[in-house]
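These notes concern the structure reproduced below.
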Amino acid sequence: MPEKVEKKLLVVRSDILEKLYEIARKENKTLFALTNEILQDAIKVNEINKTIGELLNFHNLIKLQKDSGAMIVPSDILLKALKNWNNKEEMIKAWELAGEWYGKYLIAKLENPLEVLPSLFSTSFWHLSEIKMNMRNDDKVIISLIAPNTEQILIEITVGYVNGIMSALGFQNTKCDIIRGVAILEFSKKI
């Protein structure tokens, strides 16, 4: 027989309570069961040192990627395909064109795509250990891509992809420093 659990009163805004009632009806649950489930999930999220907002943002970014046609590919297979590509310049150009398409997709889907880029990059570029994006006014952006344990070709195609995205967003690459595992890119607003 289950142990009897003490119940406590919880005060909730009436508009939230109405929405909870609606959800409970849709899911064929009692309000008690639904709120306990929600609170248990909130505790689990907290235990992984995240907030529900962060988890929701991550979900939205992954959905954006999925809806764009992106897919997760094992890195060893991607590297093998990249190494078998005959013309490196052609390959990097292909990534740049893909980035340009993606930048236009972001413009069509989001109100301010530039604002979302840092989160989007960290959600998408798993091969990078660190990504920094600094906005200088509205006309200059500096992006640092760091992946000391990644093969150089992955850094180079990522730079091509980022160049394409930024071009679609109205920026031109004014500086590009790439050295083993690190790329520092500067972009200025196109005139």
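Each chain in the structure tokens gets a letter, A, B, ..., in the order shown, and its residues are numbered from 1; ligands are numbered from 1 in order too.
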Find the spatial neighbours of stretch 173-184 of chain A, counting only C-alpha atoms, within a cut-off of 7 Å - ignore same-chain residues fewer than 6 positions away - and output them as a PDB file with N, CA and C atoms, in the first residue's frame.
```
ATOM      1  N   ILE A 143      33.081  36.961 -34.512  1.00  0.00           N
ATOM      2  CA  ILE A 143      32.707  35.598 -34.131  1.00  0.00           C
ATOM      3  C   ILE A 143      33.985  34.789 -33.958  1.00  0.00           C
ATOM      4  N   SER A 144      34.109  34.144 -32.803  1.00  0.00           N
ATOM      5  CA  SER A 144      35.246  33.263 -32.528  1.00  0.00           C
ATOM      6  C   SER A 144      34.738  31.825 -32.447  1.00  0.00           C
ATOM      7  N   LEU A 145      35.361  30.959 -33.203  1.00  0.00           N
ATOM      8  CA  LEU A 145      35.024  29.540 -33.216  1.00  0.00           C
ATOM      9  C   LEU A 145      36.239  28.781 -32.687  1.00  0.00           C
ATOM     10  N   ILE A 146      36.048  28.017 -31.626  1.00  0.00           N
ATOM     11  CA  ILE A 146      37.180  27.340 -31.000  1.00  0.00           C
ATOM     12  C   ILE A 146      36.902  25.842 -30.912  1.00  0.00           C
ATOM     13  N   ALA A 147      37.822  25.062 -31.454  1.00  0.00           N
ATOM     14  CA  ALA A 147      37.714  23.603 -31.437  1.00  0.00           C
ATOM     15  C   ALA A 147      39.101  23.004 -31.550  1.00  0.00           C
ATOM     16  N   PRO A 148      39.897  23.053 -30.473  1.00  0.00           N
ATOM     17  CA  PRO A 148      41.285  22.609 -30.558  1.00  0.00           C
ATOM     18  C   PRO A 148      41.458  21.124 -30.889  1.00  0.00           C
ATOM     19  N   ASN A 149      40.434  20.317 -30.655  1.00  0.00           N
ATOM     20  CA  ASN A 149      40.555  18.883 -30.903  1.00  0.00           C
ATOM     21  C   ASN A 149      39.777  18.423 -32.137  1.00  0.00           C
ATOM     22  N   THR A 150      39.490  19.370 -33.019  1.00  0.00           N
ATOM     23  CA  THR A 150      38.717  19.065 -34.222  1.00  0.00           C
ATOM     24  C   THR A 150      39.615  19.150 -35.440  1.00  0.00           C
ATOM     25  N   GLN A 152      40.946  20.206 -38.960  1.00  0.00           N
ATOM     26  CA  GLN A 152      40.959  21.531 -39.573  1.00  0.00           C
ATOM     27  C   GLN A 152      39.865  21.712 -40.622  1.00  0.00           C
ATOM     28  N   ILE A 155      36.686  23.044 -39.209  1.00  0.00           N
ATOM     29  CA  ILE A 155      36.747  24.478 -38.919  1.00  0.00           C
ATOM     30  C   ILE A 155      36.545  25.262 -40.216  1.00  0.00           C
ATOM     31  N   ASN A 163      30.127  32.349 -42.921  1.00  0.00           N
ATOM     32  CA  ASN A 163      30.237  33.434 -43.903  1.00  0.00           C
ATOM     33  C   ASN A 163      28.958  33.557 -44.724  1.00  0.00           C
TER      34      ASN A 163
END
```
From a DSSP pass on the backbone, collect the residues of chain A flagged as strand (DSSP E) and hand them back as a VMD selection string. chain A and resid 130 to 136 140 to 146 171 to 179 182 to 189
Please dump the current selection as a PDB file, in the first residue's frame; keep N, CA and C atoms.
```pdb
ATOM      1  N   GLU A 130      33.795  26.000 -28.079  1.00  0.00           N
ATOM      2  CA  GLU A 130      33.401  27.334 -27.632  1.00  0.00           C
ATOM      3  C   GLU A 130      33.077  28.216 -28.839  1.00  0.00           C
ATOM      4  N   ILE A 131      32.035  29.007 -28.675  1.00  0.00           N
ATOM      5  CA  ILE A 131      31.623  29.950 -29.709  1.00  0.00           C
ATOM      6  C   ILE A 131      31.346  31.278 -29.020  1.00  0.00           C
ATOM      7  N   LYS A 132      31.965  32.330 -29.519  1.00  0.00           N
ATOM      8  CA  LYS A 132      31.706  33.666 -28.978  1.00  0.00           C
ATOM      9  C   LYS A 132      31.261  34.566 -30.121  1.00  0.00           C
ATOM     10  N   MET A 133      30.288  35.404 -29.814  1.00  0.00           N
ATOM     11  CA  MET A 133      29.819  36.359 -30.816  1.00  0.00           C
ATOM     12  C   MET A 133      29.654  37.690 -30.130  1.00  0.00           C
ATOM     13  N   ASN A 134      30.421  38.673 -30.592  1.00  0.00           N
ATOM     14  CA  ASN A 134      30.357  40.021 -30.021  1.00  0.00           C
ATOM     15  C   ASN A 134      29.833  40.990 -31.064  1.00  0.00           C
ATOM     16  N   MET A 135      28.807  41.717 -30.669  1.00  0.00           N
ATOM     17  CA  MET A 135      28.242  42.747 -31.537  1.00  0.00           C
ATOM     18  C   MET A 135      28.889  44.069 -31.163  1.00  0.00           C
ATOM     19  N   ARG A 136      29.425  44.758 -32.131  1.00  0.00           N
ATOM     20  CA  ARG A 136      29.962  46.098 -31.932  1.00  0.00           C
ATOM     21  C   ARG A 136      29.032  47.043 -32.672  1.00  0.00           C
ATOM     22  N   LYS A 140      29.084  45.913 -36.798  1.00  0.00           N
ATOM     23  CA  LYS A 140      30.261  45.055 -36.754  1.00  0.00           C
ATOM     24  C   LYS A 140      30.013  43.872 -35.820  1.00  0.00           C
ATOM     25  N   VAL A 141      30.401  42.679 -36.287  1.00  0.00           N
ATOM     26  CA  VAL A 141      30.235  41.453 -35.504  1.00  0.00           C
ATOM     27  C   VAL A 141      31.552  40.691 -35.539  1.00  0.00           C
ATOM     28  N   ILE A 142      31.977  40.214 -34.374  1.00  0.00           N
ATOM     29  CA  ILE A 142      33.167  39.366 -34.286  1.00  0.00           C
ATOM     30  C   ILE A 142      32.717  38.001 -33.769  1.00  0.00           C
ATOM     31  N   ILE A 143      33.081  36.961 -34.512  1.00  0.00           N
ATOM     32  CA  ILE A 143      32.707  35.598 -34.131  1.00  0.00           C
ATOM     33  C   ILE A 143      33.985  34.789 -33.958  1.00  0.00           C
ATOM     34  N   SER A 144      34.109  34.144 -32.803  1.00  0.00           N
ATOM     35  CA  SER A 144      35.246  33.263 -32.528  1.00  0.00           C
ATOM     36  C   SER A 144      34.738  31.825 -32.447  1.00  0.00           C
ATOM     37  N   LEU A 145      35.361  30.959 -33.203  1.00  0.00           N
ATOM     38  CA  LEU A 145      35.024  29.540 -33.216  1.00  0.00           C
ATOM     39  C   LEU A 145      36.239  28.781 -32.687  1.00  0.00           C
ATOM     40  N   ILE A 146      36.048  28.017 -31.626  1.00  0.00           N
ATOM     41  CA  ILE A 146      37.180  27.340 -31.000  1.00  0.00           C
ATOM     42  C   ILE A 146      36.902  25.842 -30.912  1.00  0.00           C
ATOM     43  N   PHE A 171      25.895  41.153 -43.863  1.00  0.00           N
ATOM     44  CA  PHE A 171      27.255  41.441 -43.400  1.00  0.00           C
ATOM     45  C   PHE A 171      28.267  40.835 -44.357  1.00  0.00           C
ATOM     46  N   GLN A 172      29.414  41.496 -44.477  1.00  0.00           N
ATOM     47  CA  GLN A 172      30.503  40.946 -45.281  1.00  0.00           C
ATOM     48  C   GLN A 172      31.689  40.638 -44.375  1.00  0.00           C
ATOM     49  N   ASN A 173      32.395  39.582 -44.725  1.00  0.00           N
ATOM     50  CA  ASN A 173      33.565  39.192 -43.948  1.00  0.00           C
ATOM     51  C   ASN A 173      34.698  40.159 -44.255  1.00  0.00           C
ATOM     52  N   THR A 174      35.212  40.824 -43.211  1.00  0.00           N
ATOM     53  CA  THR A 174      36.304  41.773 -43.387  1.00  0.00           C
ATOM     54  C   THR A 174      37.631  41.241 -42.855  1.00  0.00           C
ATOM     55  N   LYS A 175      37.563  40.169 -42.063  1.00  0.00           N
ATOM     56  CA  LYS A 175      38.789  39.580 -41.535  1.00  0.00           C
ATOM     57  C   LYS A 175      38.514  38.121 -41.183  1.00  0.00           C
ATOM     58  N   CYS A 176      39.455  37.267 -41.529  1.00  0.00           N
ATOM     59  CA  CYS A 176      39.290  35.839 -41.262  1.00  0.00           C
ATOM     60  C   CYS A 176      40.646  35.248 -40.887  1.00  0.00           C
ATOM     61  N   ASP A 177      40.821  34.969 -39.613  1.00  0.00           N
ATOM     62  CA  ASP A 177      42.052  34.329 -39.144  1.00  0.00           C
ATOM     63  C   ASP A 177      41.714  32.907 -38.733  1.00  0.00           C
ATOM     64  N   ILE A 178      42.340  31.944 -39.416  1.00  0.00           N
ATOM     65  CA  ILE A 178      42.130  30.533 -39.078  1.00  0.00           C
ATOM     66  C   ILE A 178      43.482  29.922 -38.775  1.00  0.00           C
ATOM     67  N   ILE A 179      43.571  29.336 -37.614  1.00  0.00           N
ATOM     68  CA  ILE A 179      44.778  28.605 -37.220  1.00  0.00           C
ATOM     69  C   ILE A 179      44.290  27.347 -36.506  1.00  0.00           C
ATOM     70  N   VAL A 182      41.121  27.117 -34.301  1.00  0.00           N
ATOM     71  CA  VAL A 182      40.563  28.418 -33.925  1.00  0.00           C
ATOM     72  C   VAL A 182      40.311  29.238 -35.186  1.00  0.00           C
ATOM     73  N   ALA A 183      39.147  29.893 -35.208  1.00  0.00           N
ATOM     74  CA  ALA A 183      38.843  30.833 -36.289  1.00  0.00           C
ATOM     75  C   ALA A 183      38.267  32.094 -35.667  1.00  0.00           C
ATOM     76  N   ILE A 184      38.805  33.235 -36.058  1.00  0.00           N
ATOM     77  CA  ILE A 184      38.281  34.524 -35.601  1.00  0.00           C
ATOM     78  C   ILE A 184      37.836  35.283 -36.846  1.00  0.00           C
ATOM     79  N   LEU A 185      36.550  35.589 -36.886  1.00  0.00           N
ATOM     80  CA  LEU A 185      35.944  36.209 -38.050  1.00  0.00           C
ATOM     81  C   LEU A 185      35.390  37.572 -37.675  1.00  0.00           C
ATOM     82  N   GLU A 186      35.635  38.536 -38.530  1.00  0.00           N
ATOM     83  CA  GLU A 186      35.055  39.874 -38.334  1.00  0.00           C
ATOM     84  C   GLU A 186      34.165  40.179 -39.522  1.00  0.00           C
ATOM     85  N   PHE A 187      33.005  40.739 -39.214  1.00  0.00           N
ATOM     86  CA  PHE A 187      32.036  41.098 -40.246  1.00  0.00           C
ATOM     87  C   PHE A 187      31.613  42.539 -40.071  1.00  0.00           C
ATOM     88  N   SER A 188      31.422  43.226 -41.195  1.00  0.00           N
ATOM     89  CA  SER A 188      30.916  44.586 -41.186  1.00  0.00           C
ATOM     90  C   SER A 188      29.632  44.619 -41.995  1.00  0.00           C
ATOM     91  N   LYS A 189      28.733  45.510 -41.609  1.00  0.00           N
ATOM     92  CA  LYS A 189      27.474  45.678 -42.319  1.00  0.00           C
ATOM     93  C   LYS A 189      27.763  46.075 -43.756  1.00  0.00           C
TER      94      LYS A 189
END
```
Find the distance between atom CA of A:Leu169 and atom CA of A:Leu79 and write it in Å to one decimal. 28.2 Å
When distances are computed from only C-alpha atoms, which of A:His127, A:Lys63, A:Lys19, A:Lys104 shows the smallest separation from A:Ile157?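 Looking at the shortest contact to A:Ile157, the residue is A:His127.
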Have a look at A:Lys190, A:Lys88, A:Asn46, A:Trp126 and name the one nearest to A:Asp138; count only C-alpha atoms. A:Lys190
